[in-house]
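A.B. asks: One structure is given below, represented as structure tokens, and several questions about it will come after.
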Amino acid sequence: NIGKNREAVWTSVALSAPDQLRQRVAFAFSQLLVVVRLAISSSVQDSESFLTYYDIFVRNAFGNYRDILREISYSPLMAENLSYLQSRSAAYMYDVFGQISFADENFAREIMQLFSTGLVHLNIDGTPKLDENGQTILVYTNEEIMSFARSWTGFDYQRKRANVEEASWSGNHIDPMRIEAQWRDRFPKSDLYDGYIGDGYPLCVDLPKKMFLTSGARYRLLGSSFLPELMTDPSEFSTDTSIVHFELDQGSNLKSKLCNDIAGNCKFNSNVVLDDNLICVGQECDVDTVRVVKVENMFYEYVSPPCVEQLFYKNAVKLLERHRGMQATCANPLLPAASEACCSSGSSTAIRNSRYDRERMTYATATKRCEDIDKLTCDYSHVEYNAWYKAGWHWAKDDCLVLVKINTEGYAAVVYEPEQYTTKVKHIDDESRNFFKVYWEGNLYPTALNACGGCKTLSSGECMCETTVSENRVFGGMPRSIDDALSKLYIGALDPSTYDPDITPTVDAVTGIAAYKQGELFDTNTVFVFTDSKGRYHSLKNARETVHLLDTNRSSTGFSFRNAPTFMSLVPSEASARDAQYETDAVLDHYFYHDNTAPFLCIRMIQRLVSSNPSPRYIETCAKAFQTGLYKNFGSGKYGDLAAMVAAILLDREARSVILDRDPSQGSLREALLKVIGVMRSMEFQSSSSSPVVRFHDVIANRIGQMAHDFPTVFSFFLPEFRPKGRVADASLVGPEALIIDMPKTVNLLNGLFSLVKYGLSNCYGGFGVSSWSRYWNCNEGNYVDSGQLTFLPLSSDASSVVDELATLLTAGRLSAENRRIIADAYERARNESNGEAALRIAQQLILTSPEFHSTNPVQQSGIQREAIDQPQKLGINDYKAVVYLMFSGGCDSYNMIVPHTCTGKDMYKEYLAVREQVAIAKQDLLEIQTNRQTCGTFGIHPSLPSIQQLYNESDLLFFANTGVLTAPSTKEDYWQKTKTQLFAHNHMQREAKAVDPFDVAFGTGVIGRMSDILSVRGNNVGSFSIDHSSVALIGQPGVGSETFILGQNGITEFNPQPSMPNMTDQISALNTATTADSGFFAETWSEELMKSLVHNDLLHTTLSGIETSVPFPDTQLGKKLEIVAKMIDTRDQRGVDMDMFYVEIGGFDTHADLNENLQNRFEEVNDAIYAFASELKNMSVWDHVTTVQTSDFARTLAPNSGDGTDHAWGGNYMMFGGSVNGGEIYGSYPDDLTDDGPLGLGRGRLIPETPWDSVFEAVAKWVGLSDEVDLNKVCPNRNSFGDDVRFNNLSLFG
């Protein structure tokens, strides 16, 4: 498996690289900016692409975080991982394919939530900012997500090359992506500060004339090719020898700079930046700008500086393509956006008078070019060319109107209206749906309710208005402060000294702001220059542009908004990769310089490197180091410097103080993989000559929960906010690493470490090594024949000295005196009974079970044994019942799970088809079901779910329609006020679907856990099992209900099947005995979970031994998990339980791309697994005693994105099944309007749910026997926020 070479490389580096701190920091960053292996199509074959991505963190570990953000954003692995690869703008999809789709939102959300700003506004010390009601303040809403998503369109693979490892069928996963300009969204993007991406950039119309000759002008060498790389010329140019190039004259100052003459020969540099202003020579004086210039036989591409266009402007002029019958659009006459087209008087045939092919110029230059040959600009019928591909867009003489269309929510779309045209460019035509946010004066805008202010009212209820633009001065004098300037000035300017070095500014001695004025007065041409507190240089124009709306009589409506900038030209040929890159940089800067980024990143990195719960002082120290770029003698002094940040983390007293280590809340649990590597390094692992490359078993990630390059989700191995049950949660602290300290992973970790000590790196008895035939019959302790072994030898043979040395190497000296004594006694006994080598192995194994090894806490033991965990006894109060909570993780597209088919009155399938576009399921493919409770009498189930159809038709399965996380009944107008949960975010909405407690009445608990608590209090023995990992759904109040067992999907692995000494478990128990209240919380968490795991492992291994199902289950993730559930149900009598609660999760539903294919695969797995599960339960005669409730994070947008996927939404459709379920019906209310204009539509087919999870789980609680109002309020604390009709109180969901 060559794809596993990436893990081997990582392991070798982790074991032996000399730059261990750099590697450690890189590994921490890799856990923050995650690429999920299973999300990458070529992950089985490729290693180099993953290593290339990882090298971003190695290379920049002590560099600057801005570089990391840019490199991961251009990484093809990240783009495939978060599905913005080949994402196309809505305008492109409509123009080219006629499809209504939207930009993929996945990366736009995660780059903020996980990589930069986080979810809520933070103070610099990491504490949340609160509003006047004491509530946290969201950094962004879905409105911002949708805006930023448009910034991540256009990314695509570079061309493949032959000198790298790539799967033959995959794209180029190695090189940074390119941007396909035509795919890029062209319209303004609102930002997080009530502004726009592009604010602060100079206007393109304000750039100096002959900018290509001005100081700072940049040129990049193309070589012998004359096709630009950052702009687009027709590919036919490459083979046409008649192409006219812009060749620099011999006396050209620009040519001299580019030639770089040395001894009579040009020595071309790859990049050239002009260091002074040049005088034009020859045809340089005739052109407005250049694209590619020829110097001798080489070509340079001119790279225009970043600038923005205001979307609305005066005196627009019509542009035409080469024939009048082709498309028309409009452009700002002050910009070099098109070519000239010159007609003789009375003629409509135009010719060119250009200096090079595809030359762009302003309208004034075009007019002069025509006058130079005694012709006029004209509304031509066609332009004469000797080749069609030399034609572009040309200035025509006609005027244009720049209109604005306003939708009912106040969003705007620009519409062009040329005087005469055959057809218009689609993205600016009357039907344009390219709406963007505008900032209305007084928050007032025209609507149908106010007669559109006298503008035209459209049949859609939208308004269409003419526009005019005014420019006004902002400051009449110096701004009071830098913040004052930044809050009011939006239009940037080039540094005036760049093109006028003799100009002298006026400088405010207090604020440091310099003002460049033309005369004595402050006017709209005044430029303010300053550097802000984060080191950013600003050059801002003292002007504000306002767009005023005119009614049908061209009189003022009184409505106005701030003009909106965009990097991308609306002229089809002028959208360039260069400008898309500039826009991407602006977006990344916006995240990077956000006030949240420093404290957010510091919290995450401190958690990975030092402590799970850093103090506000610690976070602030780190954040200031990030912002200033300095900490003590470390750092460059530049904002975002990681050397300064890492130094602040590692050198702070919370990282180094022995006294603070005694604080029980300090420290953390250690990461599983780092524990393995730490043992191998400190115990001097040496690989064998026959296997010099260190390789772990392919499934080590499944066994211990962690492996480099093998993340389970984009949220990494651990959730930073995870609160393990016990002292950590009781103290309102977090312990992320505890998420994977469950029974199977704890047993697997210790078995693997024991095997490493006893047999070397092998597969013996759960070892981490790969399988080997030589090992098949040779798993004998001390027999090291495979891939290497631990070679550590103590300096002394004295038992106490040996243990002290091991304690230093393996626990940094934390090992308690009592635990040292226990291990030393065991060492002494083993040496006496066997030899020193055997004694060392026993000492090593014992210390590897200690809490001091698994945490960074010292331990204070109480001397009291932990309470024994007894096997439960069945009380026989109730007939057995079991609840299975089945989570479709990632957000299931459930509007393709059940689909309206045949309806009375309104044709809902037709509406479904129109909204879902290319991801809709053909009507004839749907599996029909009948219902009496919905608008439609017939619905269709996804064709991959025949078993679900069968269960439904047998009345054993029902659906809940339009269900989801709800705080209170909500409408389009008030949902954002009433909803407490952070909408559309995986972790928040999934957590709330499991907790069903929006106001945290029973904080840290889950709905099934609270149900179990009450059942336990009422005298039932309740089993609680989560398959593969912990889930909050099963967590109850501490000390009330039963403990939750974590079971592996592959069954129960026996702990330590070949112990090195008698009664070894007793020794392990002694090392993990009860601790005092002031002992380290994380050490206690390890010990408590370990002891429970060992007891549970022994019980379950014994119980499940020999249990087989009567029905073969599919060999899939869900098949294996449901098989374990079935086996556990089969052992209910042996386990002595009255009831069981199970949590099962299947991933893969985050279908941002290729929905139909991915959903088919997931549903096929679901269908086969549920069929086997139902069949087995029926054979066991417990079908009537088991109810399965299926949930998900959320549904997905009805409207697809440009990758044929769908994005995060809200209300969805879910199922519940079992023999007691009154199935064959759809409960709740399936929406009777799927459009955004419907009462539930929030845009892009995001629907507000009408049925809350409270209703579903209240019904389940009643089925298991809870009917008391007090009990039901504990299970669903928010249920009384909803009426009886919503809560199914008048219906019986169970028979």
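Identifiers in the structure tokens: chain A, B, ... in order shown; residue index from 1 per chain; ligand index from 1 in order shown.
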Could you give me, as a PyMOL selection string, the residues within 7 Å of Ile100 of chain A, counting only C-alpha atoms and dropping anything in the same chain fewer than 3 positions from it?

C.D. replies: chain A and resi 90+93-94

A.B. asks: Which of segment 944-978 of chain A counts as alpha helix (DSSP H) under DSSP, as number ranges by chain please?

C.D. replies: A: 946-953, 975-978

A.B. asks: With N, CA, C and O atoms kept, could you save the residues just selected as a PDB file, in the first residue's frame?

C.D. replies:
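Contents of the output file again.pdb:
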```pdb
ATOM      1  N   PRO A 946     -34.773   0.367  -0.766  1.00  0.00           N
ATOM      2  CA  PRO A 946     -35.952  -0.512  -0.846  1.00  0.00           C
ATOM      3  C   PRO A 946     -36.322  -1.132   0.496  1.00  0.00           C
ATOM      4  O   PRO A 946     -37.502  -1.384   0.751  1.00  0.00           O
ATOM      5  N   SER A 947     -35.343  -1.395   1.345  1.00  0.00           N
ATOM      6  CA  SER A 947     -35.654  -1.967   2.660  1.00  0.00           C
ATOM      7  C   SER A 947     -36.412  -0.966   3.518  1.00  0.00           C
ATOM      8  O   SER A 947     -37.280  -1.344   4.319  1.00  0.00           O
ATOM      9  N   ILE A 948     -36.116   0.295   3.367  1.00  0.00           N
ATOM     10  CA  ILE A 948     -36.837   1.337   4.098  1.00  0.00           C
ATOM     11  C   ILE A 948     -38.274   1.400   3.586  1.00  0.00           C
ATOM     12  O   ILE A 948     -39.223   1.527   4.376  1.00  0.00           O
ATOM     13  N   GLN A 949     -38.437   1.319   2.281  1.00  0.00           N
ATOM     14  CA  GLN A 949     -39.793   1.282   1.722  1.00  0.00           C
ATOM     15  C   GLN A 949     -40.581   0.090   2.274  1.00  0.00           C
ATOM     16  O   GLN A 949     -41.750   0.219   2.655  1.00  0.00           O
ATOM     17  N   GLN A 950     -39.921  -1.056   2.350  1.00  0.00           N
ATOM     18  CA  GLN A 950     -40.590  -2.254   2.847  1.00  0.00           C
ATOM     19  C   GLN A 950     -41.025  -2.080   4.301  1.00  0.00           C
ATOM     20  O   GLN A 950     -42.168  -2.399   4.666  1.00  0.00           O
ATOM     21  N   LEU A 951     -40.127  -1.574   5.147  1.00  0.00           N
ATOM     22  CA  LEU A 951     -40.480  -1.355   6.546  1.00  0.00           C
ATOM     23  C   LEU A 951     -41.616  -0.344   6.670  1.00  0.00           C
ATOM     24  O   LEU A 951     -42.503  -0.494   7.524  1.00  0.00           O
ATOM     25  N   TYR A 952     -41.582   0.688   5.848  1.00  0.00           N
ATOM     26  CA  TYR A 952     -42.660   1.687   5.858  1.00  0.00           C
ATOM     27  C   TYR A 952     -43.983   1.033   5.483  1.00  0.00           C
ATOM     28  O   TYR A 952     -45.002   1.225   6.157  1.00  0.00           O
ATOM     29  N   ASN A 953     -43.984   0.248   4.413  1.00  0.00           N
ATOM     30  CA  ASN A 953     -45.215  -0.391   3.958  1.00  0.00           C
ATOM     31  C   ASN A 953     -45.719  -1.442   4.943  1.00  0.00           C
ATOM     32  O   ASN A 953     -46.914  -1.756   4.970  1.00  0.00           O
ATOM     33  N   TYR A 975     -36.407  34.113  13.245  1.00  0.00           N
ATOM     34  CA  TYR A 975     -35.636  32.918  13.609  1.00  0.00           C
ATOM     35  C   TYR A 975     -34.279  33.265  14.192  1.00  0.00           C
ATOM     36  O   TYR A 975     -33.784  32.595  15.103  1.00  0.00           O
ATOM     37  N   TRP A 976     -33.655  34.312  13.658  1.00  0.00           N
ATOM     38  CA  TRP A 976     -32.308  34.667  14.115  1.00  0.00           C
ATOM     39  C   TRP A 976     -32.326  35.210  15.538  1.00  0.00           C
ATOM     40  O   TRP A 976     -31.321  35.157  16.251  1.00  0.00           O
ATOM     41  N   GLN A 977     -33.466  35.736  15.975  1.00  0.00           N
ATOM     42  CA  GLN A 977     -33.582  36.205  17.356  1.00  0.00           C
ATOM     43  C   GLN A 977     -33.928  35.063  18.301  1.00  0.00           C
ATOM     44  O   GLN A 977     -33.467  35.033  19.444  1.00  0.00           O
ATOM     45  N   LYS A 978     -34.725  34.125  17.831  1.00  0.00           N
ATOM     46  CA  LYS A 978     -35.218  33.067  18.705  1.00  0.00           C
ATOM     47  C   LYS A 978     -34.278  31.877  18.813  1.00  0.00           C
ATOM     48  O   LYS A 978     -34.388  31.094  19.756  1.00  0.00           O
TER      49      LYS A 978
END
```

A.B. asks: With only C-alpha atoms as the basis for distance, which of A:Val205, A:Ile174, A:Pro333, A:Gly767 is at the shortest distance from Ser42 of chain A?

C.D. replies: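 Nearest candidate to Ser42 of chain A out of A:Val205, A:Ile174, A:Pro333, A:Gly767: A:Ile174.
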
A.B. asks: Env of segment 981-995 of chain A: 7 Å cut, atoms = only C-alpha atoms, seq-sep filter 3 positions within chain, self excluded. Answer as a PyMOL selection string.

C.D. replies: chain A and resi 890+965+998+1005-1007+1032-1033+1192-1194+1208-1210+1253

A.B. asks: Export C-alpha atoms of the chosen residues as an mmCIF file, in the first residue's frame?

C.D. replies:
```cif
data_model
loop_
_atom_site.group_PDB
_atom_site.id
_atom_site.type_symbol
_atom_site.label_atom_id
_atom_site.label_comp_id
_atom_site.auth_asym_id
_atom_site.auth_seq_id
_atom_site.Cartn_x
_atom_site.Cartn_y
_atom_site.Cartn_z
ATOM 1 C CA GLY A 890 -22.231 15.291 8.179
ATOM 2 C CA VAL A 965 -32.950 21.888 16.050
ATOM 3 C CA PRO A 998 -30.736 24.555 23.850
ATOM 4 C CA THR A 1005 -25.790 15.823 29.120
ATOM 5 C CA GLY A 1006 -27.588 14.198 26.204
ATOM 6 C CA VAL A 1007 -31.221 13.375 25.608
ATOM 7 C CA VAL A 1032 -22.891 13.315 24.421
ATOM 8 C CA ALA A 1033 -26.244 11.748 23.475
ATOM 9 C CA SER A 1192 -28.442 14.115 11.415
ATOM 10 C CA ASP A 1193 -26.680 17.429 11.928
ATOM 11 C CA PHE A 1194 -29.100 19.159 9.566
ATOM 12 C CA HIS A 1208 -25.488 23.105 5.074
ATOM 13 C CA ALA A 1209 -29.148 23.815 5.718
ATOM 14 C CA TRP A 1210 -31.589 23.300 8.593
ATOM 15 C CA TRP A 1253 -36.229 17.220 18.161
#
```

A.B. asks: Considering only C-alpha atoms, can you say which of A:Cys280, A:Ala826, A:Gly251, A:Leu222 comes closest to Val293 of chain A?

C.D. replies: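 For Val293 of chain A, the nearest of the candidates is A:Leu222.
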
A.B. asks: Please indicate the distance in Å from atom CA of Asn857 of chain A to atom CA of Ser801 of chain A, rounded to one decimal place.

C.D. replies: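 Computed distance, atom CA of Asn857 of chain A to atom CA of Ser801 of chain A, equals 22.0 Å.
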
A.B. asks: Mind checking which residues fall within 9 Å of Ala448 of chain A, counting only C-alpha atoms, ignoring those fewer than 5 positions away in the same chain, and posting them as a ChimeraX atom specification?

C.D. replies: /A:408,453,457-458,461-463

A.B. asks: Just to confirm, what's the straight-line distance from atom CA of Lys318 of chain A to atom CA of Phe435 of chain A in Å (one decimal)?

C.D. replies: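 Going from atom CA of Lys318 of chain A over to atom CA of Phe435 of chain A, I get 22.4 Å.
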
A.B. asks: Pick out the residues sitting within 8 Å of segment 358-375 of chain A, and hand them over as a list of chain:residue names; count only C-alpha atoms, and ignore anything fewer than 3 positions along from it in its own chain.

C.D. replies: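 Those residues are A:Val287, A:Asp288, A:Thr289, A:Val290, A:Arg291, A:Pro333, A:Leu334, A:Leu335, A:Pro336, A:Ala337, A:Ala338, A:Ser339, A:Glu340, A:Ala341, A:Cys342, A:Cys343, A:Ser344, A:Ser345, A:Asn353, A:Ser354, A:Arg355, A:Lys390, A:Ala391, A:Gly392, A:Trp395.
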
A.B. asks: For a test of reading the model, state the distance in Å between atom CA of Arg1287 of chain A and atom CA of Gly1228 of chain A, rounded to one decimal.

C.D. replies: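 Calculated distance between atom CA of Arg1287 of chain A and atom CA of Gly1228 of chain A is 9.0 Å.
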